[in-house]
Amino acid sequence: MKKIVITFIFAITVVLSVFSATYGLSIAGGGSYVFQSMGYLDAVMNKGFFPDQIVGTSMGSVVAYYMAGGYYPVQVYNMFSILDFSKFFEMSFPVNGGIVNTAAFGDLLYYTTKIDSFDKFMVPVKFGTVNLNKFDSEYITKGDPVMAVRAAVAIEGLFEPVKIGTSYYADIGIRDVNVIYPKNQFTTEKTVSIRFDSPKPELSGMSFSNIINVLYTSVRMGSYVSNTLYACDKLDYDVSWVLAEPAFDLKFFTNGIDLYKAGNDLGLKYLKDNPKFFENNKLTKKTAQSKAIDVYDVYTKVSNESYYRPRELYSTLKMNPGTGRNWHVLDSYIYAEIMNSRFYGGIKWDMFTMKLYPYIRMKQYYLPFDSNRLDIQLVMEDYFSAALRTYILEGFRKNIYVDAIYRFDFAQRKNLFEAVLGYDGMFKTFEKEDGLKGQAAVRTNMQTNDYKAELTGVLDLDDKWFKTTIGYIENSDGFFDYTDMTDFGSCSQKAYMRNRLKIGVFDNLNANISQIFLLNKIYLNFDFAISYDDWKDLHYVTGGSLQFPFKFAGVSDIGIETGAYYNEAFNFYINFSDIY
């Protein structure tokens, strides 16, 4: 009997030793390549892989943040598939150690998880960074994890480093693409690594008079050297998943989202080829309660600027180009956490009068309620305005808002009031657009009124978009400005229709423009407009243009549109415009 009991206890011990091992996961960086890691990890996680500890480096820190918070990578992939990534990266002059600020990206991380301290994670997590002041690697485990992730992805020379305490932190990839001493970072019995194999790149034909090429080549060189020095056989990991570097230019970040499917297929293939992966490596299968990200709610909150959280004091210098009377040459601004305000101060150039106007501006969010947005502007010798937007309904493709606007014109010494009722059912991503939006507005000087109503619809036709706008203006007192190519002469009433067919004519150009901008796509637009008014009766306008969506560092963007239209005579133009 005693022998049987001993044998039974031994058998239980053997079983537990096989299936009870804890394990940690190291997620290496790789820029937009990390979407391939996401797909791979989601495949194995759906079969029971969920680590007890996680360490992320560079872009791998974003995956680590969400995984440790209880989100499977597919949730993150779904979110970025419908968001315009450029909204989260603000470009400025490099006066703060970099050209791109990541504060808005941090706001997104917090909004989707509400995780602002390390004790809110489901499993312990660390974020690999370089402490620039101490010239050493540092794995952050306390404080604000959002700030830690922002520091971890701050590629030196491109993104502004993040100040935490008295030190500045940036991407650890300049030193360690991978966690090279896993025993120092994990307390688990087993360790697993997922990383990329970076072959020596062929760069003989690349132009290094281009800043972006220099910076990204430096990043790739660091990855190659790190992977060579610390190959899998030199690192003490129990399991190493090494993904081949895809044939893809990581400077165009949004294209990397498509790598998710390839990574997921690789993960499924690995499990098929290794059916006893868990048993052979003595890893415990786990079923984690996955949290969900409402991607449509996130899209709505981003579109309505409802995802912001109070930010640290911040200032920089920006150039914000526009068109017509909205043309700005320099726009310097300061962020203040007080009441969640953004302050701007700069010089406005009126391209028609060739005058310079100093101006100040304040944008206030959530005052006094979450549904409010307040925008106050003072342009010296031109105008003062205060606009309050209130969302009376916020939802995916069903936003309804009311604008109350006051404007004082210094030149004409006139007060003007405007009330707007708007509906926004548009769905716009980095490569799609469709839906409806409309506005009805009245402007008054408290003696006479002008009216305007407009409805716009966009139909997505698979890399082609057809946009049509119909509207009516009663403009007897000239309160509404005519700024579109359908305008002709002076009239008190106008009914109009504008149509645009937009076609993607070039893709995957991967062209370097100037020192800082990249061009991957070109669009061709065909325009046709018709209007009826009490001055010209029926009137037709036709035109066409090319649209160039320039990217900076693959994330921040600016669009340039150039073309011509015929309105009694040929007119040529160049505009800074939205990309889509």
# chains A, B, ... in the order shown; residues from 1 in each chain; ligands from 1
$ select_by_dssp --residues "range 344-457 of chain A" --states "strand (DSSP E)" --output "MDAnalysis selection string"
chainID A and resid 344:350 355:365 372:379 383:393 399:409 414:428 433:444 449:457
$ residues_around --residues "Met497 in chain A" --least-positions-apart "2" --cutoff "7 Å" --atoms "only C-alpha atoms" --output "list in words"
Thr469, Ile470, Gly471, Asn499, Ala529, Ile530 and Ser531 of chain A
$ closest_residue --among "A:Ala441, A:Ala247, A:Ala104, A:Ile574" --to "Val146 in chain A" --atoms "only C-alpha atoms"
A:Ala104
$ atom_distance --atom1 "CA of Val298 in chain A" --atom2 "CA of Val55 in chain A"
26.1 Å
$ residues_around --residues "Ala68 in chain A" --least-positions-apart "4" --cutoff "10 Å" --atoms "only C-alpha atoms" --output "short mmCIF file (atom, residue, chain, number, x, y, z; two decimals) with C-alpha atoms, in the first residue's frame"
data_model
loop_
_atom_site.label_atom_id
_atom_site.label_comp_id
_atom_site.auth_asym_id
_atom_site.auth_seq_id
_atom_site.Cartn_x
_atom_site.Cartn_y
_atom_site.Cartn_z
CA PHE A 50 -1.04 33.27 -22.13
CA PRO A 51 2.17 34.33 -20.35
CA ASP A 52 2.57 34.98 -16.63
CA GLN A 53 4.87 37.95 -17.29
CA ILE A 54 5.48 40.14 -20.35
CA VAL A 55 8.31 42.43 -21.43
CA VAL A 63 1.40 44.76 -27.83
CA ALA A 64 2.72 44.08 -24.32
CA TYR A 72 -5.89 39.67 -27.34
CA PHE A 118 0.96 49.06 -13.28
CA LYS A 120 -4.18 47.46 -13.01
CA PHE A 121 -2.57 44.94 -15.41
CA MET A 122 -3.69 41.32 -15.31
CA VAL A 123 -0.08 40.10 -15.41
CA PRO A 124 3.21 41.89 -14.57
CA VAL A 125 4.66 43.82 -17.49
CA LYS A 126 7.83 45.80 -18.22
#
$ residues_around --residues "range 279-292 of chain A" --least-positions-apart "5" --cutoff "12 Å" --atoms "only C-alpha atoms" --output "PyMOL selection string"
chain A and resi 14-25+42+44-52+66-79+112-113+121-123+188-192+237-240+274+297-298
$ write_last_selection --atoms "N, CA and C atoms" --output "short mmCIF file (atom, residue, chain, number, x, y, z; two decimals), in the first residue's frame"
data_model
loop_
_atom_site.label_atom_id
_atom_site.label_comp_id
_atom_site.auth_asym_id
_atom_site.auth_seq_id
_atom_site.Cartn_x
_atom_site.Cartn_y
_atom_site.Cartn_z
N VAL A 14 5.17 14.29 -11.32
CA VAL A 14 5.62 14.31 -12.71
C VAL A 14 4.65 15.10 -13.57
N VAL A 15 3.34 14.85 -13.36
CA VAL A 15 2.32 15.55 -14.14
C VAL A 15 2.40 17.06 -13.90
N LEU A 16 2.52 17.43 -12.62
CA LEU A 16 2.59 18.86 -12.29
C LEU A 16 3.84 19.49 -12.85
N SER A 17 4.96 18.74 -12.85
CA SER A 17 6.20 19.29 -13.38
C SER A 17 6.12 19.50 -14.88
N VAL A 18 5.26 18.71 -15.52
CA VAL A 18 5.12 18.84 -16.97
C VAL A 18 4.22 20.02 -17.34
N PHE A 19 3.13 20.21 -16.56
CA PHE A 19 2.12 21.17 -16.97
C PHE A 19 2.01 22.42 -16.10
N SER A 20 2.85 22.59 -15.10
CA SER A 20 2.65 23.71 -14.18
C SER A 20 3.70 24.80 -14.31
N ALA A 21 4.55 24.75 -15.33
CA ALA A 21 5.61 25.73 -15.44
C ALA A 21 5.04 27.11 -15.80
N THR A 22 5.49 28.13 -15.08
CA THR A 22 5.15 29.51 -15.44
C THR A 22 6.08 29.97 -16.56
N TYR A 23 5.62 30.93 -17.34
CA TYR A 23 6.46 31.38 -18.45
C TYR A 23 6.23 32.86 -18.74
N GLY A 24 7.31 33.50 -19.17
CA GLY A 24 7.27 34.90 -19.53
C GLY A 24 7.47 35.07 -21.03
N LEU A 25 6.98 36.17 -21.56
CA LEU A 25 7.05 36.43 -23.00
C LEU A 25 7.77 37.75 -23.25
N ASP A 42 -1.76 36.02 -31.61
CA ASP A 42 -3.19 35.74 -31.48
C ASP A 42 -3.50 34.29 -31.82
N VAL A 44 -1.51 31.61 -31.35
CA VAL A 44 -1.11 30.71 -30.27
C VAL A 44 -1.91 30.98 -29.00
N MET A 45 -2.33 32.23 -28.80
CA MET A 45 -3.12 32.54 -27.61
C MET A 45 -4.49 31.88 -27.67
N ASN A 46 -5.04 31.76 -28.85
CA ASN A 46 -6.34 31.09 -28.99
C ASN A 46 -6.27 29.60 -28.71
N LYS A 47 -5.05 29.06 -28.65
CA LYS A 47 -4.86 27.64 -28.31
C LYS A 47 -4.40 27.45 -26.87
N GLY A 48 -4.39 28.54 -26.08
CA GLY A 48 -4.10 28.39 -24.66
C GLY A 48 -2.82 29.05 -24.18
N PHE A 49 -2.12 29.77 -25.07
CA PHE A 49 -0.88 30.44 -24.66
C PHE A 49 -1.21 31.80 -24.05
N PHE A 50 -0.89 31.97 -22.77
CA PHE A 50 -1.04 33.27 -22.13
C PHE A 50 0.03 33.38 -21.06
N PRO A 51 1.01 34.28 -21.24
CA PRO A 51 2.17 34.33 -20.35
C PRO A 51 1.83 34.85 -18.95
N ASP A 52 2.71 34.50 -18.00
CA ASP A 52 2.57 34.98 -16.63
C ASP A 52 3.25 36.33 -16.43
N TYR A 66 -1.28 46.01 -24.17
CA TYR A 66 -2.64 45.50 -24.33
C TYR A 66 -2.75 44.06 -23.83
N MET A 67 -1.76 43.22 -24.14
CA MET A 67 -1.83 41.83 -23.68
C MET A 67 -1.86 41.75 -22.16
N ALA A 68 -0.99 42.52 -21.50
CA ALA A 68 -0.96 42.51 -20.04
C ALA A 68 -2.25 43.04 -19.46
N GLY A 69 -2.93 43.89 -20.22
CA GLY A 69 -4.21 44.41 -19.78
C GLY A 69 -5.37 43.46 -20.02
N GLY A 70 -5.11 42.33 -20.69
CA GLY A 70 -6.15 41.34 -20.94
C GLY A 70 -6.77 41.39 -22.31
N TYR A 71 -6.11 42.05 -23.26
CA TYR A 71 -6.65 42.19 -24.62
C TYR A 71 -5.86 41.32 -25.58
N TYR A 72 -6.56 40.47 -26.32
CA TYR A 72 -5.89 39.67 -27.34
C TYR A 72 -5.47 40.59 -28.49
N PRO A 73 -4.37 40.26 -29.17
CA PRO A 73 -3.88 41.15 -30.24
C PRO A 73 -4.88 41.44 -31.34
N VAL A 74 -5.82 40.54 -31.58
CA VAL A 74 -6.79 40.79 -32.64
C VAL A 74 -7.63 42.02 -32.33
N GLN A 75 -7.81 42.31 -31.03
CA GLN A 75 -8.56 43.50 -30.65
C GLN A 75 -7.83 44.77 -31.09
N VAL A 76 -6.51 44.75 -30.90
CA VAL A 76 -5.69 45.91 -31.28
C VAL A 76 -5.67 46.04 -32.79
N TYR A 77 -5.53 44.91 -33.48
CA TYR A 77 -5.52 44.92 -34.95
C TYR A 77 -6.84 45.48 -35.49
N ASN A 78 -7.97 45.04 -34.94
CA ASN A 78 -9.26 45.53 -35.40
C ASN A 78 -9.39 47.03 -35.21
N MET A 79 -8.85 47.53 -34.10
CA MET A 79 -8.95 48.96 -33.82
C MET A 79 -8.14 49.77 -34.83
N THR A 112 -8.76 53.44 -24.35
CA THR A 112 -9.23 52.09 -24.68
C THR A 112 -9.08 51.11 -23.51
N THR A 113 -8.27 51.42 -22.52
CA THR A 113 -8.02 50.47 -21.43
C THR A 113 -8.32 51.02 -20.05
N PHE A 121 -2.78 45.98 -14.40
CA PHE A 121 -2.57 44.94 -15.41
C PHE A 121 -2.94 43.58 -14.84
N MET A 122 -3.35 42.68 -15.73
CA MET A 122 -3.69 41.32 -15.31
C MET A 122 -2.45 40.52 -14.97
N VAL A 123 -1.35 40.77 -15.68
CA VAL A 123 -0.08 40.10 -15.41
C VAL A 123 1.01 41.16 -15.36
N THR A 188 9.94 33.87 -14.06
CA THR A 188 9.20 32.65 -14.41
C THR A 188 10.15 31.48 -14.63
N GLU A 189 9.56 30.29 -14.65
CA GLU A 189 10.37 29.09 -14.86
C GLU A 189 10.80 28.94 -16.32
N LYS A 190 9.98 29.43 -17.23
CA LYS A 190 10.27 29.33 -18.65
C LYS A 190 10.19 30.73 -19.29
N THR A 191 10.89 30.89 -20.40
CA THR A 191 10.83 32.16 -21.13
C THR A 191 10.62 31.90 -22.61
N VAL A 192 9.83 32.78 -23.24
CA VAL A 192 9.51 32.68 -24.66
C VAL A 192 9.80 34.03 -25.31
N TYR A 237 16.65 31.58 -24.08
CA TYR A 237 15.21 31.43 -24.10
C TYR A 237 14.86 29.95 -24.29
N ASP A 238 13.79 29.53 -23.65
CA ASP A 238 13.34 28.15 -23.83
C ASP A 238 12.64 27.97 -25.17
N VAL A 239 11.92 29.00 -25.61
CA VAL A 239 11.24 28.97 -26.90
C VAL A 239 11.52 30.29 -27.61
N SER A 240 11.93 30.21 -28.87
CA SER A 240 12.18 31.42 -29.66
C SER A 240 11.40 31.33 -30.97
N ASN A 274 3.68 21.60 -34.83
CA ASN A 274 4.12 21.24 -33.48
C ASN A 274 2.89 21.00 -32.61
N ASP A 297 -16.87 52.51 -31.00
CA ASP A 297 -16.89 53.57 -30.00
C ASP A 297 -15.58 54.35 -30.04
N VAL A 298 -14.45 53.65 -30.17
CA VAL A 298 -13.16 54.32 -30.25
C VAL A 298 -13.12 55.22 -31.48
#
